[in-house]
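Below is one structure, written out as structure tokens; the observations come after it.
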Amino acid sequence: MTQSAFIAAVLDPDAPIPMGLTDASDRPVAARFNVYRNNVAVSLKEALSSGFPAIKSLLGAAFFDAMTGVYLRAHPPKSPRLALYGETFPEFLAGFEPVRHLPYLPDVARLEYALRQSYHAADATVLTAEALQHPEAFTRPLRLAPSVFWIESASPVTQIHAAALGGSNPTGGAEDALITRAGFDPVATGFPPGTSAVLTALNAGTPLSEALNFAPGALDLSAFLCALLTGGALTLPQDTAHV
Amino acid sequence: MLDHRNNWRDTRHDTWRDTLPNGAGVGYKPQHFSNLVADKSPVEWLEIHAENYMGAGGRPLAQLRALSDLFPISVHGVGLSIGGEGRLDPDHLARLKHLLDWLQPARFSEHLAWSTHGGAFFNDLLPLPYTEATLTRVCAHINELQDRIGRQMLLENPSAYLAFSESTYAEVDFLREIAKRTGCGLLLDVNNVFVSATNLAFDPISYIDAFAHEAVGEIHLGGHDEDADETGAPLLIDSHGREVADPVWALYAHSLSVGGAKPTLIEWDTDVPEWKVLAAEADRAAALLHRVPA
């Protein structure tokens, strides 16, 4: 029996049990084969459940379980690194008819995936608040730490994410979510739409003083700088050799 | 990825961490980090799953670096798909080599199983028929792997829920032949022997007696769940979610009497308990190990 035939039957609960399998004493093999079906589906659902807890909370455990059963069959992991499983989950959610009435879901999934990427990102020597006392820090090229990610959303995505995990109800509208990691635990902070232009400029080597010219009028600059510094988001170019 | 720390281990000259002691180890879970740092006893070594430490940084690697200063580490791969029909995933091989070069662990082990097909990874240890063709393929993959990582690997016996009519080798003979042809060592999972023996109706004692103990570099013990098939016959599931069952402890004691003391790991991967529960399991293994005549 080919492995293609075996895995096809594992992934399709309605498929007949492949021929040529035995328990060595002529007992039926369906329950035994179903162990593999169950192991594959349950373990991949668990990976998605631990990777997208806010999506699970927003949709409910039963719906999430059924939906991830569809997803894992259409998009099984491409690598044994399950920490990165679900990269295509936001796009899947955007096209999954039963959740089309929840247009913010894909962005919440993008946020959860970015939090995971940040958690596993390379460490870096970051600029401290003291370093920013030097005027030179504003005029020399900086880089964003490998743990920094951002998401531009038409929804208050950080607030929806927090509310799904037990926070208060979201208010407001579109935002750019900044993900930073001071130490080991990533956090997401919402800023006005357009803030990501500053991050893009910084990452391209534009000095801070010039990059801030890209800031939208609604951005609270001191809160933004504070989030960058306390989040360990800024590094010097030589510390970004991992890129 | 980890390049900036490539030479971290090269500065060490002590060798205690290069060998697993014939004592008890546990599969490392991050929730036990502070317990292990505060008081190692009765744990003498740790095992980690390779795939959980293939990120570029952050807490997982920081904890691993700290733990490897305290314990010999065994790296256990769960995703290489050594029994796969296709070639070994070159990207995954490269990530594995990178981790092993960085960590310089005492051991590396993988499974007699497949988990990847057609570029997709299914996160389960799927079974192989034991034929001449699969023997040739598995040996080729192990040779390629050992050449790539520059060290011997240990190959673990799987837990089986069913068998293939086309098999021409008994599992113990298949494993012995792989070890002979490739020079790899073996990892004897005693719970897997018990699970397979129950599910496939063979005698676990005879299996242990026939095993190539001279090639064994590590033993695994873990808990299983009890289910039933359509006829009501017991169907055991290798779940790693509870204490090691009493008949598995008895089989382990028998294995020690046949093959001698070996580094022995307690695996507990789902519904992970508080530290003292896991430590009690390690204590039980250590007590049996210390009774083995040197």
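By order in the structure tokens, chains are A, B, ...; within a chain, residues start at 1; ligands start at 1, following the order shown.
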
Listing only residues of chain A within 8 Å of chain B, what is the closest atom pair and its distance in Å (to one decimal) for each, using only C-alpha atoms, sorted by chain and residue number ascending, as a Markdown table?
```
| residue | atom | partner | partner_atom | distance |
| --- | --- | --- | --- | --- |
| A:Gln3 | CA | B:Glu85 | CA | 7.1 |
| A:Ser4 | CA | B:His117 | CA | 7.3 |
| A:Gly20 | CA | B:Ser165 | CA | 5.2 |
| A:Leu21 | CA | B:Phe164 | CA | 4.6 |
| A:Thr22 | CA | B:Ala163 | CA | 5.1 |
| A:Asp23 | CA | B:Leu162 | CA | 4.8 |
| A:Ala24 | CA | B:Leu200 | CA | 5.8 |
| A:Ser25 | CA | B:Ala201 | CA | 7.2 |
| A:Arg27 | CA | B:Thr231 | CA | 7.6 |
| A:Pro28 | CA | B:Glu230 | CA | 7.0 |
| A:Val29 | CA | B:Leu162 | CA | 7.0 |
| A:Ala30 | CA | B:Glu230 | CA | 7.9 |
| A:Ala31 | CA | B:Asp229 | CA | 5.3 |
| A:Arg32 | CA | B:Tyr161 | CA | 5.2 |
| A:Phe33 | CA | B:Tyr161 | CA | 7.1 |
| A:Val35 | CA | B:Tyr161 | CA | 7.3 |
| A:Tyr36 | CA | B:Leu126 | CA | 7.2 |
| A:Asn39 | CA | B:Asp124 | CA | 6.3 |
| A:Val40 | CA | B:Asp124 | CA | 5.7 |
| A:Ser43 | CA | B:Asn123 | CA | 6.8 |
| A:Leu44 | CA | B:Asn123 | CA | 7.0 |
| A:Pro76 | CA | B:Ala120 | CA | 5.8 |
| A:Pro77 | CA | B:Phe121 | CA | 5.2 |
| A:Lys78 | CA | B:Ala120 | CA | 4.7 |
| A:Ser79 | CA | B:Phe121 | CA | 5.7 |
| A:Pro80 | CA | B:Gly79 | CA | 5.2 |
| A:Arg81 | CA | B:Glu51 | CA | 5.4 |
| A:Leu82 | CA | B:Glu51 | CA | 7.7 |
| A:Ala83 | CA | B:Asn52 | CA | 7.3 |
| A:Tyr119 | CA | B:Gly58 | CA | 5.9 |
| A:His120 | CA | B:Gly55 | CA | 5.1 |
| A:Ala121 | CA | B:Gly57 | CA | 5.2 |
| A:Ala122 | CA | B:Gly57 | CA | 4.0 |
| A:Asp123 | CA | B:Gly57 | CA | 5.3 |
| A:Gly183 | CA | B:Gly58 | CA | 7.6 |
| A:Phe184 | CA | B:Arg59 | CA | 5.4 |
| A:His242 | CA | B:Met1 | CA | 6.0 |
```

Export N, CA and C atoms of the chosen residues as an mmCIF file, in the first residue's frame?
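Result file follows (result-v9.cif):
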```cif
data_model
loop_
_atom_site.group_PDB
_atom_site.id
_atom_site.type_symbol
_atom_site.label_atom_id
_atom_site.label_comp_id
_atom_site.auth_asym_id
_atom_site.auth_seq_id
_atom_site.Cartn_x
_atom_site.Cartn_y
_atom_site.Cartn_z
ATOM 1 N N GLN A 3 1.846 5.217 0.639
ATOM 2 C CA GLN A 3 1.558 6.177 1.695
ATOM 3 C C GLN A 3 0.500 7.175 1.230
ATOM 4 N N SER A 4 0.415 7.430 -0.080
ATOM 5 C CA SER A 4 -0.658 8.286 -0.615
ATOM 6 C C SER A 4 -2.020 7.708 -0.274
ATOM 7 N N GLY A 20 -5.237 -4.576 3.170
ATOM 8 C CA GLY A 20 -3.868 -4.962 3.501
ATOM 9 C C GLY A 20 -3.452 -4.624 4.921
ATOM 10 N N LEU A 21 -4.411 -4.151 5.720
ATOM 11 C CA LEU A 21 -4.106 -3.857 7.125
ATOM 12 C C LEU A 21 -4.699 -4.958 7.980
ATOM 13 N N THR A 22 -4.012 -5.279 9.048
ATOM 14 C CA THR A 22 -4.433 -6.411 9.878
ATOM 15 C C THR A 22 -4.088 -6.124 11.336
ATOM 16 N N ASP A 23 -4.780 -6.793 12.236
ATOM 17 C CA ASP A 23 -4.367 -6.721 13.647
ATOM 18 C C ASP A 23 -3.675 -8.016 14.035
ATOM 19 N N ALA A 24 -3.436 -8.879 13.059
ATOM 20 C CA ALA A 24 -2.701 -10.133 13.232
ATOM 21 C C ALA A 24 -3.553 -11.239 13.818
ATOM 22 N N SER A 25 -4.810 -10.980 14.189
ATOM 23 C CA SER A 25 -5.654 -12.086 14.652
ATOM 24 C C SER A 25 -7.067 -11.949 14.098
ATOM 25 N N ARG A 27 -9.224 -9.669 13.779
ATOM 26 C CA ARG A 27 -10.263 -8.800 14.324
ATOM 27 C C ARG A 27 -10.441 -7.635 13.351
ATOM 28 N N PRO A 28 -11.593 -6.926 13.400
ATOM 29 C CA PRO A 28 -11.780 -5.815 12.467
ATOM 30 C C PRO A 28 -10.767 -4.691 12.734
ATOM 31 N N VAL A 29 -10.417 -3.965 11.684
ATOM 32 C CA VAL A 29 -9.349 -2.964 11.830
ATOM 33 C C VAL A 29 -9.871 -1.531 11.806
ATOM 34 N N ALA A 30 -11.179 -1.320 11.653
ATOM 35 C CA ALA A 30 -11.681 0.053 11.520
ATOM 36 C C ALA A 30 -11.346 0.902 12.750
ATOM 37 N N ALA A 31 -11.616 0.377 13.936
ATOM 38 C CA ALA A 31 -11.355 1.155 15.152
ATOM 39 C C ALA A 31 -9.866 1.455 15.278
ATOM 40 N N ARG A 32 -9.041 0.496 14.846
ATOM 41 C CA ARG A 32 -7.591 0.698 14.915
ATOM 42 C C ARG A 32 -7.139 1.764 13.926
ATOM 43 N N PHE A 33 -7.700 1.700 12.716
ATOM 44 C CA PHE A 33 -7.340 2.720 11.720
ATOM 45 C C PHE A 33 -7.818 4.104 12.161
ATOM 46 N N VAL A 35 -7.725 5.338 14.974
ATOM 47 C CA VAL A 35 -6.777 5.971 15.902
ATOM 48 C C VAL A 35 -5.893 6.961 15.135
ATOM 49 N N TYR A 36 -5.431 6.543 13.934
ATOM 50 C CA TYR A 36 -4.582 7.447 13.142
ATOM 51 C C TYR A 36 -5.390 8.654 12.665
ATOM 52 N N ASN A 39 -5.737 10.870 15.684
ATOM 53 C CA ASN A 39 -4.470 11.514 16.074
ATOM 54 C C ASN A 39 -4.142 12.692 15.176
ATOM 55 N N VAL A 40 -4.281 12.489 13.855
ATOM 56 C CA VAL A 40 -3.926 13.554 12.917
ATOM 57 C C VAL A 40 -4.852 14.758 13.109
ATOM 58 N N SER A 43 -4.554 16.415 16.779
ATOM 59 C CA SER A 43 -3.295 17.113 17.095
ATOM 60 C C SER A 43 -3.164 18.399 16.275
ATOM 61 N N LEU A 44 -3.647 18.382 15.019
ATOM 62 C CA LEU A 44 -3.549 19.616 14.230
ATOM 63 C C LEU A 44 -4.580 20.643 14.700
ATOM 64 N N PRO A 76 -2.915 21.423 5.231
ATOM 65 C CA PRO A 76 -2.100 20.777 6.272
ATOM 66 C C PRO A 76 -0.777 21.523 6.421
ATOM 67 N N PRO A 77 -0.090 21.347 7.552
ATOM 68 C CA PRO A 77 1.178 22.047 7.744
ATOM 69 C C PRO A 77 2.172 21.691 6.641
ATOM 70 N N LYS A 78 2.990 22.639 6.258
ATOM 71 C CA LYS A 78 4.010 22.380 5.234
ATOM 72 C C LYS A 78 5.344 22.014 5.870
ATOM 73 N N SER A 79 5.419 22.097 7.190
ATOM 74 C CA SER A 79 6.664 21.798 7.872
ATOM 75 C C SER A 79 6.344 21.260 9.259
ATOM 76 N N PRO A 80 7.253 20.465 9.843
ATOM 77 C CA PRO A 80 7.018 19.951 11.188
ATOM 78 C C PRO A 80 7.109 21.022 12.286
ATOM 79 N N ARG A 81 7.439 22.244 11.909
ATOM 80 C CA ARG A 81 7.470 23.304 12.931
ATOM 81 C C ARG A 81 6.052 23.817 13.148
ATOM 82 N N LEU A 82 5.324 23.182 14.060
ATOM 83 C CA LEU A 82 3.918 23.551 14.238
ATOM 84 C C LEU A 82 3.761 24.941 14.849
ATOM 85 N N ALA A 83 4.836 25.483 15.409
ATOM 86 C CA ALA A 83 4.769 26.852 15.931
ATOM 87 C C ALA A 83 4.415 27.831 14.820
ATOM 88 N N TYR A 119 7.091 35.870 19.259
ATOM 89 C CA TYR A 119 7.536 35.047 20.389
ATOM 90 C C TYR A 119 8.791 34.252 20.021
ATOM 91 N N HIS A 120 8.846 33.773 18.779
ATOM 92 C CA HIS A 120 9.967 32.921 18.348
ATOM 93 C C HIS A 120 11.059 33.693 17.616
ATOM 94 N N ALA A 121 10.903 34.999 17.472
ATOM 95 C CA ALA A 121 11.865 35.791 16.693
ATOM 96 C C ALA A 121 13.216 35.875 17.405
ATOM 97 N N ALA A 122 14.233 36.198 16.628
ATOM 98 C CA ALA A 122 15.587 36.291 17.174
ATOM 99 C C ALA A 122 15.674 37.386 18.233
ATOM 100 N N ASP A 123 16.547 37.157 19.210
ATOM 101 C CA ASP A 123 16.832 38.171 20.223
ATOM 102 C C ASP A 123 17.697 39.261 19.598
ATOM 103 N N GLY A 183 11.755 41.471 26.357
ATOM 104 C CA GLY A 183 11.980 40.186 27.003
ATOM 105 C C GLY A 183 11.386 39.088 26.145
ATOM 106 N N PHE A 184 10.451 38.320 26.723
ATOM 107 C CA PHE A 184 9.978 37.117 26.036
ATOM 108 C C PHE A 184 8.512 37.132 25.616
ATOM 109 N N HIS A 242 20.699 38.914 11.542
ATOM 110 C CA HIS A 242 19.860 37.734 11.293
ATOM 111 C C HIS A 242 19.006 37.899 10.059
#
```

- Message: Applying 12 Å and only C-alpha atoms, which residues near stretch 252-261 of chain B remain after dropping the ones on its own chain fewer than 4 positions away? List them as a count of residues only.
- Response: 49

- Query: Got a sec: who's within 6 Å of stretch 51-68 of chain A, counting only C-alpha atoms, leaving out chain neighbours fewer than 6 positions off, as a PyMOL selection string?
  - Reply: chain A and resi 45+112+161+164-165

Print the selection's residues with N, CA and C atoms to a file, as a PDB file, in the first residue's frame.
```
ATOM      1  N   LYS A  45      -5.766  20.180  15.116  1.00  0.00           N
ATOM      2  CA  LYS A  45      -6.747  21.107  15.693  1.00  0.00           C
ATOM      3  C   LYS A  45      -6.199  21.742  16.969  1.00  0.00           C
ATOM      4  N   GLU A 112      -2.854  37.264  15.874  1.00  0.00           N
ATOM      5  CA  GLU A 112      -2.427  36.113  16.681  1.00  0.00           C
ATOM      6  C   GLU A 112      -1.218  35.423  16.049  1.00  0.00           C
ATOM      7  N   HIS A 161      -9.175  41.559  19.910  1.00  0.00           N
ATOM      8  CA  HIS A 161      -8.339  40.456  20.391  1.00  0.00           C
ATOM      9  C   HIS A 161      -8.354  40.384  21.914  1.00  0.00           C
ATOM     10  N   ALA A 164     -11.768  39.291  23.252  1.00  0.00           N
ATOM     11  CA  ALA A 164     -12.009  37.857  23.065  1.00  0.00           C
ATOM     12  C   ALA A 164     -11.348  37.039  24.168  1.00  0.00           C
ATOM     13  N   LEU A 165     -10.251  37.586  24.713  1.00  0.00           N
ATOM     14  CA  LEU A 165      -9.519  36.844  25.746  1.00  0.00           C
ATOM     15  C   LEU A 165      -9.864  37.365  27.137  1.00  0.00           C
TER      16      LEU A 165
END
```

- Message: Can you tell me, as an NGL selection string, which residues in stretch 29-253 of chain B count as strand (DSSP E) by DSSP?
- Response: :B and (45-49 or 73-76 or 107-111 or 114-117 or 120-126 or 154-156 or 163-164 or 185-189 or 216-222 or 225-228 or 234-237)

- Task: Could you tell me, as an MDAnalysis selection string, which residues of stretch 9-226 of chain A DSSP assigns to alpha helix (DSSP H) when given the backbone?
- Result: chainID A and resid 9:11 30:51 53:59 61:74 89:95 105:120 136:139 157:164 196:203 208:211 221:226

- Close residues, A:Ser168 itself excluded, 8 Å, only C-alpha atoms, min 3 positions apart in chain, as a count of residues only: 3

- Task: For each of B:Ser34, B:Ser159, B:Thr182, B:Gln146, take the minimum atom-to-atom distance to B:Phe108, counting only C-alpha atoms, then give the residue where this is smallest.
- Result: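 So, comparing all the options, the nearest one is B:Gln146.
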
- Message: If we count only C-alpha atoms and set the cut-off at 9 Å, which residues sit around A:Leu105, ignoring sequence neighbours fewer than 6 positions away in its own chain? Please answer as a ChimeraX atom specification.
- Response: /A:55,58,90,93-94,99,157

With 10 Å as the cut-off and only C-alpha atoms counted, what is the closest atom pair between each nearby residue of stretch 60-178 of chain B and stretch 27-33 of chain B? Distances in Å to one decimal, ordered by chain and number, as a tab-separated table.
```
residue	atom	partner	partner_atom	distance
B:Pro60	CA	B:Pro30	CA	8.0
B:Gln63	CA	B:Phe33	CA	7.5
B:Leu64	CA	B:Tyr28	CA	9.4
B:Ala66	CA	B:Phe33	CA	9.6
B:Leu67	CA	B:Phe33	CA	8.2
B:Ile73	CA	B:Tyr28	CA	9.7
B:Ser74	CA	B:Gly27	CA	9.2
B:Val75	CA	B:Gly27	CA	9.9
B:His76	CA	B:Gly27	CA	9.4
```

Store the residues picked out above in a file with C-alpha atoms, as a compact mmCIF listing (two decimals), in the first residue's frame.
```
# COMPACT_ATOMS: atom_id res chain seq x y z
CA PRO B 60 12.26 28.59 24.22
CA GLN B 63 15.29 28.29 28.63
CA LEU B 64 17.03 25.55 26.69
CA ALA B 66 19.91 27.68 30.77
CA LEU B 67 18.82 24.05 31.18
CA ILE B 73 20.06 17.00 27.00
CA SER B 74 18.64 14.43 24.62
CA VAL B 75 17.04 15.85 21.46
CA HIS B 76 14.05 13.86 20.23
```

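Note that atom CA of B:Leu96 and atom CA of A:Ser50 are 23.8 Å apart.
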
- Query: What is the distance, in Å and to one decimal place, between atom CA of A:Ala41 and atom CA of B:Asp269?
  - Reply: 17.0 Å
